[in-house]
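A.B. asks: The structure's right below; bear with me while I get my questions together.
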Amino acid sequence: MKTFTATPADIEKKWILIDAEGVVLGRLASIVAMRLRGKHKPTFTPHMDMGDNVIVINADKVQMTGKKRDEKIYYRHTGYPGGIKQRTARQILEGDHPERVVVKAVQRMLPGNKLSRRLMTNLRVYAGAEHPHEAQSPEVLDVKSMNPKNTRS
């Protein structure tokens, strides 16, 4: 028996819609990263873009366990000496672009290579419930019902 290796003709991409309201951030990010990578498919090939296109809505209503909302710090650097900046998760979620918390969590669960940068183009995250991808007729993936630990009580 030979090992199956997918070719570009074998790849079937679907559109998945995930509602992040009330879902724990890390659990949501791991499910989204698995879907983007294509590891849920039996034809998974590590060096190919096998994953689905994922739409995440209500990213501003994502939950965090413990004190992470106040104590988790996101760093960035301006490029100038001494130019390191920091913001807490609460400041980002209450700011203008709350979807960046979800994007960063998913990005950090993918390997740091060229393939994962290409996989990130298949992720669309929106702060509210509206999204412009109705024409693709995405399938709804209910993350809340997968495991009771996925939601925060």
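Note on naming: chains are A, B, ... as they come in the structure tokens, residues start from 1 per chain, ligands start from 1 in the order shown.
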Check chain A with DSSP on the backbone and list each residue it calls helix (DSSP H, G or I), as a ChimeraX atom specification.

C.D. replies: /A:8-10,25-37,59-61,68-71,89-93,99-107,114-122,134-136,148-150

A.B. asks: Counting only C-alpha atoms, what is within 6 Å of stretch 89-105 of chain A, bar same-chain residues fewer than 3 positions away, as a ChimeraX atom specification?

C.D. replies: /A:29,59-60,69-70,72,108,125,127

A.B. asks: Just list the residues in stretch 24-144 of chain A DSSP gives strand (DSSP E or B) on the backbone, as a list in words.

C.D. replies: Val24, Asn53, Val54, Ile55, Val56, Ile57, Gln63, Ile73, Tyr74, Tyr75, Arg76, His77, Ile84, Lys85, Gln86, Arg87, Thr88, Leu123, Arg124, Val125, Glu139, Val140 and Leu141 of chain A

A.B. asks: Could you tell me which of A:Arg27, A:His131, A:Arg124, A:Lys14 comes closest to A:Lys149 if we count only C-alpha atoms?

C.D. replies: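 Of A:Arg27, A:His131, A:Arg124, A:Lys14, the one nearest A:Lys149, counting only C-alpha atoms, is A:Arg27.
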
A.B. asks: Counting only C-alpha atoms, which residues of stretch 55-98 of chain A fall within 8 Å of stretch 16-21 of chain A, and what is the closest atom pair for each with its distance in Å at one decimal, ordered by chain and rising number, as a Markdown table?

C.D. replies:
```
| residue | atom | partner | partner_atom | distance |
| --- | --- | --- | --- | --- |
| A:Ile55 | CA | A:Leu17 | CA | 4.8 |
| A:Val56 | CA | A:Ile18 | CA | 4.9 |
| A:Ile57 | CA | A:Asp19 | CA | 5.1 |
| A:Asn58 | CA | A:Ala20 | CA | 5.4 |
| A:Ala59 | CA | A:Ala20 | CA | 5.6 |
| A:Asp60 | CA | A:Glu21 | CA | 7.8 |
| A:Lys61 | CA | A:Glu21 | CA | 4.8 |
| A:Val62 | CA | A:Glu21 | CA | 5.4 |
| A:Gln63 | CA | A:Glu21 | CA | 7.7 |
```

A.B. asks: Could you write those residues out with C-alpha atoms, as a short mmCIF file (atom, residue, chain, number, x, y, z; two decimals), in the first residue's frame?

C.D. replies:
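Now in part14.cif:
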```
data_model
loop_
_atom_site.label_atom_id
_atom_site.label_comp_id
_atom_site.auth_asym_id
_atom_site.auth_seq_id
_atom_site.Cartn_x
_atom_site.Cartn_y
_atom_site.Cartn_z
CA ILE A 55 -15.61 32.81 8.28
CA VAL A 56 -15.75 33.78 11.97
CA ILE A 57 -18.49 36.18 13.06
CA ASN A 58 -19.11 37.90 16.43
CA ALA A 59 -15.38 37.95 17.22
CA ASP A 60 -15.94 40.80 19.67
CA LYS A 61 -18.07 38.48 21.87
CA VAL A 62 -15.40 35.81 22.32
CA GLN A 63 -14.77 34.66 25.91
#
```

A.B. asks: Which residues of stretch 31-79 of chain A come within 8 Å of stretch 110-117 of chain A, and for each one, what is the closest pair of atoms and their distance in Å to one decimal, counting only C-alpha atoms, sorted by chain and residue number, as a tab-separated table?

C.D. replies:
```
residue	atom	partner	partner_atom	distance
A:Ala33	CA	A:Leu110	CA	6.4
A:Arg37	CA	A:Leu110	CA	8.0
A:His47	CA	A:Leu115	CA	7.5
A:Met48	CA	A:Leu115	CA	7.6
A:Asp49	CA	A:Leu115	CA	7.2
```

A.B. asks: Print the selection's residues with C-alpha atoms to a file, as a PDB file, in the first residue's frame.

C.D. replies:
```pdb
ATOM      1  CA  ALA A  33      -6.543  26.343  12.726  1.00  0.00           C
ATOM      2  CA  ARG A  37      -4.854  23.423   7.669  1.00  0.00           C
ATOM      3  CA  HIS A  47       2.798  20.505   2.369  1.00  0.00           C
ATOM      4  CA  MET A  48      -0.425  21.538   0.584  1.00  0.00           C
ATOM      5  CA  ASP A  49      -3.231  24.015   1.241  1.00  0.00           C
TER       6      ASP A  49
END
```
